[in-house]
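In what follows, a structure is listed as structure tokens, so that the remarks can point back to it.
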Amino acid sequence: MRIETDHQNPASSAFPMKIKFALLLWWLRFVAGRTVPGEIYSSLAHVHGLFIFDHRVGQTLLRITTTTFPESQRYKEMYNWAATDANYSSSSEEIQETEVLTGNPLHIYALMKRILYYWYFVQYELVSAGLSKEVQRWTNQTTLPSGKDLAGTALALARLQQVYNLPIEELVQGTILMHQSSVRLTTFDCLKIANESHWVGNYVSAWQWYFYTLKITGDLDLKQHIWDLMGKVAYDHDNQAYPVEEYSFPHPLSQYPVQEPPKPSYFNLCRGIQSIKDGEAYNRLKCHISDRGSPYLRLQPVKYEELHYEPILYFYYDILSSDQIQVIKDLALDNLTRANFIEGANNEYRVTHTSWLKNKTHPILESLAKRMAYITGLHIYEGPVGNMAGEDLQVQCYGVGGHYLLHYDPLYKTDSKE
């Protein structure tokens, strides 16, 4: 069972008001006709634009003293979370920086939720106040979130909680790693996170979030409902054909309902418990300033650090300047598309947007390709068709909770001449 909403229906009103509301919403379909819901959560560049839209709506809505629907009031309350933490100016409808919000997955979840559930009603308030042109302009400039964005953001919260071992009770109160925010999660939100985790087969997160919600609710009917949902999680967990390590407990849940969650090695790296430099070979690792045997680098040697033996891992420093990075980001921004996992499908194995840039796109990319070739000794500069070396430059823009599960990249030879 998938739980989709926690908002209440607007209070019943007089029949003429219903007609007025219906006609207005019919008209709004044409006002906001070019606003097509899309996948936003998997790219923070898109999330940034949505926060700008939310700021314009929120500041305008706050100036309307009397609202018709409780959903509009709820939008105000949730918008104030963002306004408080980002220290918005009440006199400006424009914002330039949203890092304090785009860097906080709780704020992104709250943003998706209030727009998805309450924007429909807020439009009525704004148009009734004579702001139809503003509504049209804002919506024509913005791609609004869909249910997939809310689900993806809920999964991001589950993923971050699991990987970093964040206490669920702290997340509910707006705290992430001792950083406090104004956001608060409701019982519905906890069930949403559990439900979406179960939907994608993350039985560990589903079980933990259901179990937490079971403890905090006093509603007996809701408790029974959660027990039923946990029974489905246990059944699916115990009967899965190909368990994924991160998403599965070591023992059947029907027999051992209380278990320690799995701890893949990369979890410890993310948590800072284990270092990639751990081990006896650590004392033999070195730092270098070298021309890598290339005359091209004789006057501009590279700095690199040995991180690991077997396999060998090097970390290179200061390969790109800040200006070069900004150029690459600007070039990639207009071409970002959701990364595919395999055969055109996208899912929660890889949460990011990707842009591919050819060297000929900009002189900086040609210079970068040559520099990387000299540093690595690999021919990565684009050659004639049929004699290509390496891929186009791949630019990744990871969204909230963005990640790529551990994987191999197999290459299959389809021609004996290859």
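The way I read the labels, and the way they are meant: chains A, B, ... in the order of the structure tokens, residue 1 as the first residue of every chain, and ligand 1 as the first ligand shown, with later ones counted on from there.
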Near-Val183 of chain A list (7 Å; only C-alpha atoms; drop same-chain fewer than 2 positions) as a PyMOL selection string: chain A and resi 81+106-107+174+181+185
Which residues come within 9 Å of Gln173 of chain A, counting only C-alpha atoms, excluding same-chain residues fewer than 2 positions away, as an MDAnalysis selection string? chainID A and resid 168:171 175 180:185
Take the residues from that selection and put them in a file with C-alpha atoms, as an mmCIF file, in the first residue's frame.
```cif
data_model
loop_
_atom_site.group_PDB
_atom_site.id
_atom_site.type_symbol
_atom_site.label_atom_id
_atom_site.label_comp_id
_atom_site.auth_asym_id
_atom_site.auth_seq_id
_atom_site.Cartn_x
_atom_site.Cartn_y
_atom_site.Cartn_z
ATOM 1 C CA ILE A 168 15.958 8.766 12.780
ATOM 2 C CA GLU A 169 14.650 10.704 15.766
ATOM 3 C CA GLU A 170 17.173 13.467 15.030
ATOM 4 C CA LEU A 171 16.185 13.624 11.374
ATOM 5 C CA THR A 175 18.986 17.648 12.729
ATOM 6 C CA GLN A 180 19.918 21.986 13.115
ATOM 7 C CA SER A 181 17.268 23.152 10.635
ATOM 8 C CA SER A 182 13.698 24.367 11.029
ATOM 9 C CA VAL A 183 12.230 21.418 9.092
ATOM 10 C CA ARG A 184 10.133 18.876 10.978
ATOM 11 C CA LEU A 185 8.999 15.500 9.644
#
```
So which residues touch Ala339 of chain A within 8 Å, counting only C-alpha atoms, skipping near sequence neighbours fewer than 5 positions away, as a PyMOL selection string? chain A and resi 346+350-354
Grab the residues selected above and save them as a compact mmCIF listing (two decimals), in the first residue's frame with N, CA and C atoms.
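For reference, selection.txt as written:
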```txt
# COMPACT_ATOMS: atom_id res chain seq x y z
N ASN A 346 16.33 4.06 -15.89
CA ASN A 346 16.95 4.76 -14.78
C ASN A 346 16.21 4.39 -13.51
N ARG A 350 21.47 4.64 -9.62
CA ARG A 350 22.29 5.78 -10.01
C ARG A 350 21.42 7.03 -10.01
N VAL A 351 21.69 7.93 -9.08
CA VAL A 351 20.87 9.13 -8.93
C VAL A 351 21.73 10.34 -9.29
N THR A 352 21.64 10.75 -10.54
CA THR A 352 22.41 11.88 -11.02
C THR A 352 21.90 12.31 -12.39
N HIS A 353 22.29 13.51 -12.80
CA HIS A 353 22.09 13.97 -14.17
C HIS A 353 23.47 14.05 -14.84
N THR A 354 23.52 13.75 -16.12
CA THR A 354 24.78 13.66 -16.84
C THR A 354 24.76 14.55 -18.07
```
Can you tell me, as number ranges by chain, what residues are no more than 12 Å from segment 258-266 of chain A when counting only C-alpha atoms, ignoring any on the same chain fewer than 4 positions away? A: 161-165, 202-208, 211, 234, 243-254, 270-276, 405-406
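Here atom CA of Lys192 of chain A and atom CA of Gln240 of chain A stand 22.2 Å from one another.
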For the alpha helix (DSSP H) assignment from backbone DSSP, which residues of segment 96-161 of chain A qualify? Please present them as a compact mmCIF listing (two decimals) with all heavy atoms, in the first residue's frame.
```
# COMPACT_ATOMS: atom_id res chain seq x y z
N GLU A 99 22.50 27.76 -1.20
CA GLU A 99 23.29 26.61 -0.78
C GLU A 99 22.85 26.05 0.57
O GLU A 99 22.90 24.85 0.80
CB GLU A 99 24.78 26.99 -0.72
CG GLU A 99 25.49 27.00 -2.06
CD GLU A 99 25.15 28.21 -2.91
OE1 GLU A 99 24.45 29.12 -2.38
OE2 GLU A 99 25.57 28.27 -4.07
N VAL A 100 22.43 26.94 1.49
CA VAL A 100 22.01 26.46 2.80
C VAL A 100 20.78 25.57 2.68
O VAL A 100 20.52 24.71 3.54
CB VAL A 100 21.74 27.65 3.75
CG1 VAL A 100 20.50 28.42 3.31
CG2 VAL A 100 21.58 27.18 5.19
N LEU A 101 20.02 25.72 1.58
CA LEU A 101 18.83 24.91 1.36
C LEU A 101 19.13 23.71 0.44
O LEU A 101 18.75 22.59 0.74
CB LEU A 101 17.72 25.76 0.76
CG LEU A 101 17.32 26.99 1.58
CD1 LEU A 101 16.24 27.78 0.84
CD2 LEU A 101 16.83 26.58 2.96
N THR A 102 19.81 23.96 -0.68
CA THR A 102 20.12 22.85 -1.60
C THR A 102 21.10 21.88 -0.97
O THR A 102 21.20 20.73 -1.42
CB THR A 102 20.71 23.38 -2.92
OG1 THR A 102 21.88 24.17 -2.64
CG2 THR A 102 19.69 24.22 -3.67
N PRO A 105 19.09 17.97 2.64
CA PRO A 105 18.05 17.11 2.06
C PRO A 105 16.69 17.25 2.73
O PRO A 105 15.67 17.01 2.09
CB PRO A 105 18.62 15.70 2.25
CG PRO A 105 19.64 15.82 3.33
CD PRO A 105 20.21 17.19 3.20
N LEU A 106 16.65 17.66 4.00
CA LEU A 106 15.36 17.87 4.66
C LEU A 106 14.62 19.05 4.04
O LEU A 106 13.41 19.00 3.83
CB LEU A 106 15.58 18.11 6.16
CG LEU A 106 16.02 16.89 6.97
CD1 LEU A 106 16.44 17.32 8.38
CD2 LEU A 106 14.91 15.86 7.05
N HIS A 107 15.35 20.10 3.73
CA HIS A 107 14.72 21.26 3.09
C HIS A 107 14.24 20.90 1.68
O HIS A 107 13.18 21.39 1.25
CB HIS A 107 15.69 22.44 3.03
CG HIS A 107 15.60 23.35 4.22
ND1 HIS A 107 14.45 24.03 4.54
CD2 HIS A 107 16.52 23.67 5.18
CE1 HIS A 107 14.66 24.76 5.63
NE2 HIS A 107 15.89 24.55 6.04
N ILE A 108 14.99 20.08 0.97
CA ILE A 108 14.57 19.71 -0.38
C ILE A 108 13.32 18.84 -0.33
O ILE A 108 12.39 19.01 -1.12
CB ILE A 108 15.72 18.97 -1.10
CG1 ILE A 108 16.93 19.90 -1.24
CG2 ILE A 108 15.26 18.50 -2.48
CD1 ILE A 108 18.14 19.24 -1.86
N TYR A 109 13.26 17.93 0.63
CA TYR A 109 12.05 17.12 0.79
C TYR A 109 10.84 18.00 1.10
O TYR A 109 9.77 17.84 0.50
CB TYR A 109 12.25 16.09 1.90
CG TYR A 109 11.00 15.28 2.21
CD1 TYR A 109 10.68 14.15 1.48
CD2 TYR A 109 10.13 15.67 3.24
CE1 TYR A 109 9.52 13.43 1.74
CE2 TYR A 109 8.98 14.95 3.51
CZ TYR A 109 8.68 13.83 2.76
OH TYR A 109 7.53 13.12 3.01
N ALA A 110 11.02 18.95 2.02
CA ALA A 110 9.91 19.85 2.38
C ALA A 110 9.49 20.70 1.18
O ALA A 110 8.29 20.97 0.99
CB ALA A 110 10.32 20.74 3.55
N LEU A 111 10.45 21.12 0.36
CA LEU A 111 10.14 21.90 -0.83
C LEU A 111 9.27 21.09 -1.80
O LEU A 111 8.25 21.59 -2.29
CB LEU A 111 11.45 22.31 -1.51
CG LEU A 111 11.34 22.96 -2.90
CD1 LEU A 111 10.78 24.37 -2.77
CD2 LEU A 111 12.70 22.98 -3.59
N MET A 112 9.70 19.86 -2.09
CA MET A 112 8.93 19.01 -3.01
C MET A 112 7.52 18.78 -2.47
O MET A 112 6.53 18.82 -3.22
CB MET A 112 9.64 17.67 -3.20
CG MET A 112 11.04 17.75 -3.77
SD MET A 112 11.08 18.46 -5.42
CE MET A 112 12.85 18.41 -5.75
N LYS A 113 7.42 18.57 -1.19
CA LYS A 113 6.13 18.24 -0.58
C LYS A 113 5.16 19.42 -0.66
O LYS A 113 4.00 19.24 -1.06
CB LYS A 113 6.35 17.83 0.87
CG LYS A 113 5.07 17.49 1.63
CD LYS A 113 5.37 17.13 3.08
CE LYS A 113 4.10 16.94 3.87
NZ LYS A 113 4.38 16.63 5.30
N ARG A 114 5.63 20.61 -0.29
CA ARG A 114 4.68 21.74 -0.26
C ARG A 114 4.25 22.15 -1.66
O ARG A 114 3.10 22.55 -1.86
CB ARG A 114 5.24 22.91 0.52
CG ARG A 114 6.47 23.60 -0.02
CD ARG A 114 6.82 24.79 0.88
NE ARG A 114 8.13 25.38 0.57
CZ ARG A 114 9.26 25.03 1.14
NH1 ARG A 114 9.29 24.05 2.04
NH2 ARG A 114 10.41 25.63 0.82
N ILE A 115 5.15 22.07 -2.63
CA ILE A 115 4.75 22.44 -3.99
C ILE A 115 3.83 21.38 -4.57
O ILE A 115 2.81 21.70 -5.20
CB ILE A 115 5.99 22.64 -4.87
CG1 ILE A 115 6.78 23.87 -4.41
CG2 ILE A 115 5.58 22.80 -6.34
CD1 ILE A 115 8.02 24.16 -5.21
N LEU A 116 4.15 20.12 -4.36
CA LEU A 116 3.35 19.05 -4.94
C LEU A 116 1.95 19.01 -4.35
O LEU A 116 0.96 18.82 -5.06
CB LEU A 116 4.05 17.70 -4.72
CG LEU A 116 3.40 16.48 -5.37
CD1 LEU A 116 3.41 16.62 -6.90
CD2 LEU A 116 4.13 15.21 -4.96
N TYR A 117 1.83 19.21 -3.04
CA TYR A 117 0.54 19.06 -2.38
C TYR A 117 -0.26 20.36 -2.25
O TYR A 117 -1.49 20.33 -2.21
CB TYR A 117 0.75 18.47 -0.98
CG TYR A 117 1.16 17.02 -0.98
CD1 TYR A 117 1.83 16.48 0.11
CD2 TYR A 117 0.89 16.20 -2.06
CE1 TYR A 117 2.22 15.15 0.12
CE2 TYR A 117 1.29 14.88 -2.07
CZ TYR A 117 1.95 14.36 -0.97
OH TYR A 117 2.32 13.05 -0.98
N TYR A 118 0.43 21.49 -2.16
CA TYR A 118 -0.27 22.72 -1.82
C TYR A 118 -0.26 23.81 -2.90
O TYR A 118 -1.03 24.76 -2.81
CB TYR A 118 0.31 23.32 -0.52
CG TYR A 118 0.39 22.32 0.61
CD1 TYR A 118 1.53 22.22 1.41
CD2 TYR A 118 -0.68 21.46 0.88
CE1 TYR A 118 1.60 21.30 2.43
CE2 TYR A 118 -0.62 20.54 1.91
CZ TYR A 118 0.52 20.46 2.69
OH TYR A 118 0.60 19.54 3.69
N TRP A 119 0.60 23.70 -3.90
CA TRP A 119 0.67 24.73 -4.94
C TRP A 119 -0.66 24.88 -5.67
O TRP A 119 -1.05 25.97 -6.07
CB TRP A 119 1.79 24.40 -5.90
CG TRP A 119 1.79 25.22 -7.18
CD1 TRP A 119 1.70 24.75 -8.46
CD2 TRP A 119 1.89 26.64 -7.29
NE1 TRP A 119 1.73 25.79 -9.37
CE2 TRP A 119 1.84 26.97 -8.67
CE3 TRP A 119 1.99 27.68 -6.37
CZ2 TRP A 119 1.90 28.27 -9.15
CZ3 TRP A 119 2.06 28.99 -6.84
CH2 TRP A 119 2.01 29.28 -8.21
N TYR A 120 -1.36 23.78 -5.85
CA TYR A 120 -2.65 23.80 -6.53
C TYR A 120 -3.61 24.81 -5.88
O TYR A 120 -4.33 25.54 -6.56
CB TYR A 120 -3.24 22.40 -6.49
CG TYR A 120 -4.37 22.14 -7.45
CD1 TYR A 120 -4.17 22.22 -8.82
CD2 TYR A 120 -5.63 21.78 -6.99
CE1 TYR A 120 -5.20 21.95 -9.72
CE2 TYR A 120 -6.67 21.51 -7.87
CZ TYR A 120 -6.44 21.60 -9.24
OH TYR A 120 -7.46 21.33 -10.12
N PHE A 121 -3.58 24.88 -4.56
CA PHE A 121 -4.46 25.78 -3.82
C PHE A 121 -3.87 27.19 -3.72
O PHE A 121 -4.60 28.18 -3.73
CB PHE A 121 -4.71 25.22 -2.41
CG PHE A 121 -5.36 23.87 -2.42
CD1 PHE A 121 -4.60 22.72 -2.43
CD2 PHE A 121 -6.75 23.75 -2.45
CE1 PHE A 121 -5.20 21.46 -2.45
CE2 PHE A 121 -7.35 22.50 -2.46
CZ PHE A 121 -6.58 21.36 -2.47
N VAL A 122 -2.53 27.26 -3.64
CA VAL A 122 -1.88 28.56 -3.56
C VAL A 122 -2.14 29.38 -4.82
O VAL A 122 -2.30 30.60 -4.76
CB VAL A 122 -0.37 28.39 -3.31
CG1 VAL A 122 0.37 29.71 -3.47
CG2 VAL A 122 -0.13 27.82 -1.91
N GLN A 123 -2.20 28.69 -5.98
CA GLN A 123 -2.50 29.40 -7.22
C GLN A 123 -3.81 30.18 -7.10
O GLN A 123 -3.93 31.30 -7.58
CB GLN A 123 -2.61 28.40 -8.38
CG GLN A 123 -1.29 27.81 -8.83
CD GLN A 123 -1.50 26.88 -10.00
OE1 GLN A 123 -1.47 27.30 -11.15
NE2 GLN A 123 -1.71 25.60 -9.71
N TYR A 124 -4.80 29.55 -6.48
CA TYR A 124 -6.11 30.21 -6.31
C TYR A 124 -5.96 31.50 -5.52
O TYR A 124 -6.53 32.53 -5.87
CB TYR A 124 -7.07 29.26 -5.62
CG TYR A 124 -8.41 29.88 -5.28
CD1 TYR A 124 -9.45 29.86 -6.20
CD2 TYR A 124 -8.62 30.49 -4.05
CE1 TYR A 124 -10.68 30.45 -5.91
CE2 TYR A 124 -9.84 31.08 -3.74
CZ TYR A 124 -10.86 31.05 -4.68
OH TYR A 124 -12.07 31.63 -4.39
N GLU A 125 -5.20 31.42 -4.44
CA GLU A 125 -5.02 32.60 -3.59
C GLU A 125 -4.35 33.72 -4.38
O GLU A 125 -4.77 34.89 -4.29
CB GLU A 125 -4.16 32.25 -2.37
CG GLU A 125 -4.56 31.00 -1.63
CD GLU A 125 -5.83 31.14 -0.81
OE1 GLU A 125 -6.45 32.22 -0.81
OE2 GLU A 125 -6.20 30.15 -0.15
N LEU A 126 -3.32 33.39 -5.15
CA LEU A 126 -2.56 34.41 -5.87
C LEU A 126 -3.39 35.04 -6.99
O LEU A 126 -3.39 36.27 -7.17
CB LEU A 126 -1.29 33.81 -6.44
CG LEU A 126 -0.29 33.24 -5.40
CD1 LEU A 126 0.93 32.67 -6.10
CD2 LEU A 126 0.12 34.30 -4.40
N VAL A 127 -4.10 34.19 -7.75
CA VAL A 127 -4.91 34.71 -8.84
C VAL A 127 -6.07 35.55 -8.29
O VAL A 127 -6.43 36.59 -8.85
CB VAL A 127 -5.42 33.57 -9.73
CG1 VAL A 127 -6.42 34.08 -10.77
CG2 VAL A 127 -4.25 32.87 -10.42
N SER A 128 -6.65 35.10 -7.19
CA SER A 128 -7.75 35.87 -6.57
C SER A 128 -7.28 37.23 -6.10
O SER A 128 -8.06 38.18 -6.00
CB SER A 128 -8.34 35.08 -5.39
OG SER A 128 -8.92 33.88 -5.83
N SER A 132 -2.43 37.08 -11.51
CA SER A 132 -2.44 36.03 -12.53
C SER A 132 -1.24 36.13 -13.46
O SER A 132 -0.68 35.11 -13.89
CB SER A 132 -3.74 36.09 -13.34
OG SER A 132 -3.89 37.38 -13.94
N LYS A 133 -0.80 37.36 -13.79
CA LYS A 133 0.36 37.52 -14.67
C LYS A 133 1.62 37.00 -14.01
O LYS A 133 2.47 36.37 -14.66
CB LYS A 133 0.52 38.99 -15.06
CG LYS A 133 -0.57 39.51 -15.99
CD LYS A 133 -0.29 40.94 -16.40
CE LYS A 133 -1.37 41.44 -17.36
NZ LYS A 133 -1.13 42.86 -17.78
N GLU A 134 1.76 37.26 -12.72
CA GLU A 134 2.93 36.76 -11.99
C GLU A 134 2.93 35.24 -11.96
O GLU A 134 3.97 34.59 -12.15
CB GLU A 134 2.96 37.31 -10.56
CG GLU A 134 3.35 38.77 -10.45
CD GLU A 134 2.21 39.73 -10.80
OE1 GLU A 134 1.12 39.24 -11.16
OE2 GLU A 134 2.42 40.96 -10.71
N VAL A 135 1.75 34.66 -11.69
CA VAL A 135 1.64 33.20 -11.67
C VAL A 135 2.04 32.62 -13.02
O VAL A 135 2.79 31.64 -13.11
CB VAL A 135 0.21 32.76 -11.30
CG1 VAL A 135 0.03 31.26 -11.52
CG2 VAL A 135 -0.10 33.13 -9.85
N GLN A 136 1.55 33.22 -14.08
CA GLN A 136 1.87 32.73 -15.42
C GLN A 136 3.37 32.84 -15.70
O GLN A 136 3.98 31.92 -16.24
CB GLN A 136 1.09 33.51 -16.47
CG GLN A 136 1.31 33.01 -17.90
CD GLN A 136 0.42 33.71 -18.89
OE1 GLN A 136 -0.17 34.75 -18.58
NE2 GLN A 136 0.31 33.17 -20.08
N ARG A 137 3.97 33.96 -15.32
CA ARG A 137 5.40 34.16 -15.58
C ARG A 137 6.25 33.17 -14.79
O ARG A 137 7.18 32.57 -15.33
CB ARG A 137 5.78 35.61 -15.23
CG ARG A 137 7.27 35.90 -15.31
CD ARG A 137 7.53 37.40 -15.32
NE ARG A 137 6.85 38.07 -14.21
CZ ARG A 137 7.37 38.20 -12.99
NH1 ARG A 137 8.56 37.68 -12.72
NH2 ARG A 137 6.70 38.84 -12.05
N TRP A 138 5.94 33.00 -13.52
CA TRP A 138 6.72 32.08 -12.71
C TRP A 138 6.61 30.64 -13.19
O TRP A 138 7.62 29.93 -13.27
CB TRP A 138 6.26 32.16 -11.25
CG TRP A 138 6.47 33.50 -10.61
CD1 TRP A 138 7.34 34.49 -10.99
CD2 TRP A 138 5.77 34.02 -9.47
NE1 TRP A 138 7.23 35.58 -10.17
CE2 TRP A 138 6.27 35.32 -9.22
CE3 TRP A 138 4.78 33.52 -8.64
CZ2 TRP A 138 5.81 36.10 -8.18
CZ3 TRP A 138 4.31 34.31 -7.59
CH2 TRP A 138 4.83 35.58 -7.37
N THR A 139 5.40 30.22 -13.48
CA THR A 139 5.23 28.82 -13.88
C THR A 139 5.80 28.55 -15.26
O THR A 139 6.29 27.44 -15.53
CB THR A 139 3.74 28.43 -13.87
OG1 THR A 139 2.99 29.37 -14.65
CG2 THR A 139 3.19 28.41 -12.45
N ASN A 140 5.78 29.54 -16.16
CA ASN A 140 6.38 29.35 -17.47
C ASN A 140 7.90 29.24 -17.40
O ASN A 140 8.53 28.69 -18.30
CB ASN A 140 5.99 30.50 -18.40
CG ASN A 140 4.56 30.39 -18.91
OD1 ASN A 140 3.93 29.35 -18.78
ND2 ASN A 140 4.05 31.48 -19.46
N GLY A 147 5.23 13.54 -8.50
CA GLY A 147 5.26 12.57 -7.41
C GLY A 147 6.56 11.81 -7.37
O GLY A 147 7.02 11.39 -6.29
N LYS A 148 7.19 11.64 -8.53
CA LYS A 148 8.47 10.94 -8.57
C LYS A 148 9.55 11.72 -7.84
O LYS A 148 10.46 11.13 -7.25
CB LYS A 148 8.87 10.71 -10.02
CG LYS A 148 10.13 9.86 -10.19
CD LYS A 148 10.38 9.55 -11.66
CE LYS A 148 11.59 8.63 -11.80
NZ LYS A 148 11.85 8.29 -13.23
N ASP A 149 9.48 13.05 -7.88
CA ASP A 149 10.46 13.86 -7.17
C ASP A 149 10.32 13.71 -5.66
O ASP A 149 11.31 13.64 -4.94
CB ASP A 149 10.32 15.32 -7.58
CG ASP A 149 10.78 15.58 -9.00
OD1 ASP A 149 11.96 15.34 -9.29
OD2 ASP A 149 9.94 15.99 -9.82
N LEU A 150 9.08 13.70 -5.18
CA LEU A 150 8.88 13.51 -3.74
C LEU A 150 9.34 12.13 -3.32
O LEU A 150 9.99 11.96 -2.28
CB LEU A 150 7.41 13.72 -3.37
CG LEU A 150 7.09 13.63 -1.88
CD1 LEU A 150 7.82 14.73 -1.10
CD2 LEU A 150 5.59 13.73 -1.63
N ALA A 151 9.01 11.12 -4.12
CA ALA A 151 9.44 9.76 -3.81
C ALA A 151 10.96 9.66 -3.82
O ALA A 151 11.58 9.05 -2.94
CB ALA A 151 8.84 8.78 -4.81
N GLY A 152 11.59 10.28 -4.83
CA GLY A 152 13.05 10.23 -4.91
C GLY A 152 13.73 10.93 -3.75
O GLY A 152 14.76 10.47 -3.25
N THR A 153 13.14 12.04 -3.29
CA THR A 153 13.71 12.75 -2.15
C THR A 153 13.51 11.96 -0.86
O THR A 153 14.38 11.97 0.02
CB THR A 153 13.08 14.14 -2.03
OG1 THR A 153 13.08 14.78 -3.30
CG2 THR A 153 13.85 15.00 -1.06
N ALA A 154 12.37 11.29 -0.74
CA ALA A 154 12.15 10.42 0.43
C ALA A 154 13.18 9.30 0.46
O ALA A 154 13.74 8.97 1.52
CB ALA A 154 10.73 9.84 0.39
N LEU A 155 13.47 8.72 -0.70
CA LEU A 155 14.49 7.67 -0.78
C LEU A 155 15.87 8.23 -0.45
O LEU A 155 16.70 7.52 0.14
CB LEU A 155 14.48 7.05 -2.17
CG LEU A 155 13.28 6.16 -2.50
CD1 LEU A 155 13.29 5.77 -3.97
CD2 LEU A 155 13.29 4.90 -1.63
N ALA A 156 16.12 9.48 -0.83
CA ALA A 156 17.40 10.09 -0.51
C ALA A 156 17.59 10.21 1.00
O ALA A 156 18.68 9.94 1.53
CB ALA A 156 17.50 11.47 -1.16
N LEU A 157 16.54 10.59 1.71
CA LEU A 157 16.61 10.67 3.17
C LEU A 157 16.89 9.29 3.77
O LEU A 157 17.69 9.15 4.70
CB LEU A 157 15.32 11.25 3.74
CG LEU A 157 15.06 12.73 3.49
CD1 LEU A 157 13.69 13.13 4.00
CD2 LEU A 157 16.14 13.59 4.13
N ALA A 158 16.22 8.27 3.23
CA ALA A 158 16.44 6.91 3.71
C ALA A 158 17.88 6.49 3.46
O ALA A 158 18.54 5.87 4.32
CB ALA A 158 15.48 5.94 3.04
N ARG A 159 18.41 6.82 2.29
CA ARG A 159 19.77 6.41 1.92
C ARG A 159 20.80 7.10 2.81
O ARG A 159 21.74 6.47 3.29
CB ARG A 159 20.02 6.76 0.46
CG ARG A 159 21.36 6.29 -0.09
CD ARG A 159 21.52 6.70 -1.54
NE ARG A 159 20.38 6.22 -2.32
CZ ARG A 159 19.53 7.02 -2.95
NH1 ARG A 159 19.68 8.33 -2.90
NH2 ARG A 159 18.54 6.52 -3.65
N LEU A 160 20.63 8.40 3.02
CA LEU A 160 21.57 9.14 3.86
C LEU A 160 21.53 8.65 5.30
O LEU A 160 22.56 8.54 5.97
CB LEU A 160 21.26 10.64 3.79
CG LEU A 160 21.52 11.29 2.43
CD1 LEU A 160 20.92 12.69 2.39
CD2 LEU A 160 23.01 11.35 2.15
N GLN A 161 20.32 8.37 5.79
CA GLN A 161 20.19 7.85 7.15
C GLN A 161 20.93 6.53 7.30
O GLN A 161 21.64 6.30 8.30
CB GLN A 161 18.70 7.67 7.49
CG GLN A 161 18.44 7.21 8.92
CD GLN A 161 18.58 5.71 9.11
OE1 GLN A 161 18.23 4.94 8.21
NE2 GLN A 161 19.10 5.29 10.25
```
Calculate how many Å separate atom CA of Asp334 of chain A from atom CA of Ser355 of chain A, rounding to one decimal. 8.5 Å
Would you please give, as an MDAnalysis selection string, all residues of segment 90-310 of chain A that DSSP assigns to strand (DSSP E or B) based on the backbone? chainID A and resid 145 175:176 179:180 287:290 302:308
When distances are computed from only C-alpha atoms, which of A:Lys223, A:Lys215, A:Lys232, A:Lys303 shows the smallest separation from His198 of chain A?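 Counting only C-alpha atoms, the residue closest to His198 of chain A is A:Lys232.
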Could you list, as a ChimeraX atom specification, every residue within 6 Å of segment 356-359 of chain A, counting only C-alpha atoms and ignoring same-chain residues fewer than 2 positions away? /A:361,365-366,392-394
Export, as a PDB file, in the first residue's frame, the selected residues with N, CA and C atoms.
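Now in again_30.pdb:
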```
ATOM      1  N   THR A 361      33.805  21.382 -28.079  1.00  0.00           N
ATOM      2  CA  THR A 361      32.767  22.270 -27.552  1.00  0.00           C
ATOM      3  C   THR A 361      33.337  23.616 -27.126  1.00  0.00           C
ATOM      4  N   LEU A 365      38.235  22.743 -23.104  1.00  0.00           N
ATOM      5  CA  LEU A 365      38.148  21.284 -23.096  1.00  0.00           C
ATOM      6  C   LEU A 365      39.269  20.663 -23.920  1.00  0.00           C
ATOM      7  N   GLU A 366      39.641  21.288 -25.021  1.00  0.00           N
ATOM      8  CA  GLU A 366      40.763  20.787 -25.811  1.00  0.00           C
ATOM      9  C   GLU A 366      42.058  20.855 -25.003  1.00  0.00           C
ATOM     10  N   ASP A 392      33.884  11.174 -24.404  1.00  0.00           N
ATOM     11  CA  ASP A 392      33.670  12.608 -24.225  1.00  0.00           C
ATOM     12  C   ASP A 392      33.744  12.914 -22.727  1.00  0.00           C
ATOM     13  N   LEU A 393      33.972  14.174 -22.420  1.00  0.00           N
ATOM     14  CA  LEU A 393      34.028  14.567 -21.013  1.00  0.00           C
ATOM     15  C   LEU A 393      32.655  14.357 -20.380  1.00  0.00           C
ATOM     16  N   GLN A 394      32.618  13.614 -19.292  1.00  0.00           N
ATOM     17  CA  GLN A 394      31.361  13.293 -18.613  1.00  0.00           C
ATOM     18  C   GLN A 394      31.235  14.167 -17.374  1.00  0.00           C
TER      19      GLN A 394
END
```
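Take atom CA of Ala369 of chain A and atom CA of Leu331 of chain A: the distance between them is 15.8 Å.
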Polymer residues at most 12 Å from His48 of chain A, only C-alpha atoms, same-chain spacing of 2 or more positions, as a count of residues only: 30
Could you name the residues that touch Gln224 of chain A at 12 Å or less, counting only C-alpha atoms, but leaving out those on the same chain fewer than 6 positions away, as a short mmCIF file (atom, residue, chain, number, x, y, z; two decimals) with N, CA and C atoms, in the first residue's frame?
```
data_model
loop_
_atom_site.label_atom_id
_atom_site.label_comp_id
_atom_site.auth_asym_id
_atom_site.auth_seq_id
_atom_site.Cartn_x
_atom_site.Cartn_y
_atom_site.Cartn_z
N TYR A 210 9.55 2.10 9.41
CA TYR A 210 8.26 1.61 9.92
C TYR A 210 8.33 1.38 11.42
N THR A 213 8.18 4.64 13.32
CA THR A 213 6.84 5.21 13.30
C THR A 213 5.91 4.44 14.22
N LEU A 214 6.10 3.13 14.28
CA LEU A 214 5.29 2.30 15.18
C LEU A 214 5.47 2.73 16.63
N LYS A 215 6.69 3.10 17.00
CA LYS A 215 6.98 3.49 18.38
C LYS A 215 6.39 4.85 18.75
N THR A 217 3.72 6.56 17.31
CA THR A 217 2.29 6.82 17.14
C THR A 217 1.48 6.20 18.27
N GLY A 218 0.45 6.91 18.68
CA GLY A 218 -0.45 6.39 19.69
C GLY A 218 -1.78 5.94 19.13
N MET A 230 4.67 -3.91 7.87
CA MET A 230 5.92 -4.56 8.25
C MET A 230 5.89 -6.04 7.94
N GLY A 231 4.70 -6.64 8.05
CA GLY A 231 4.57 -8.05 7.67
C GLY A 231 4.87 -8.26 6.19
#
```
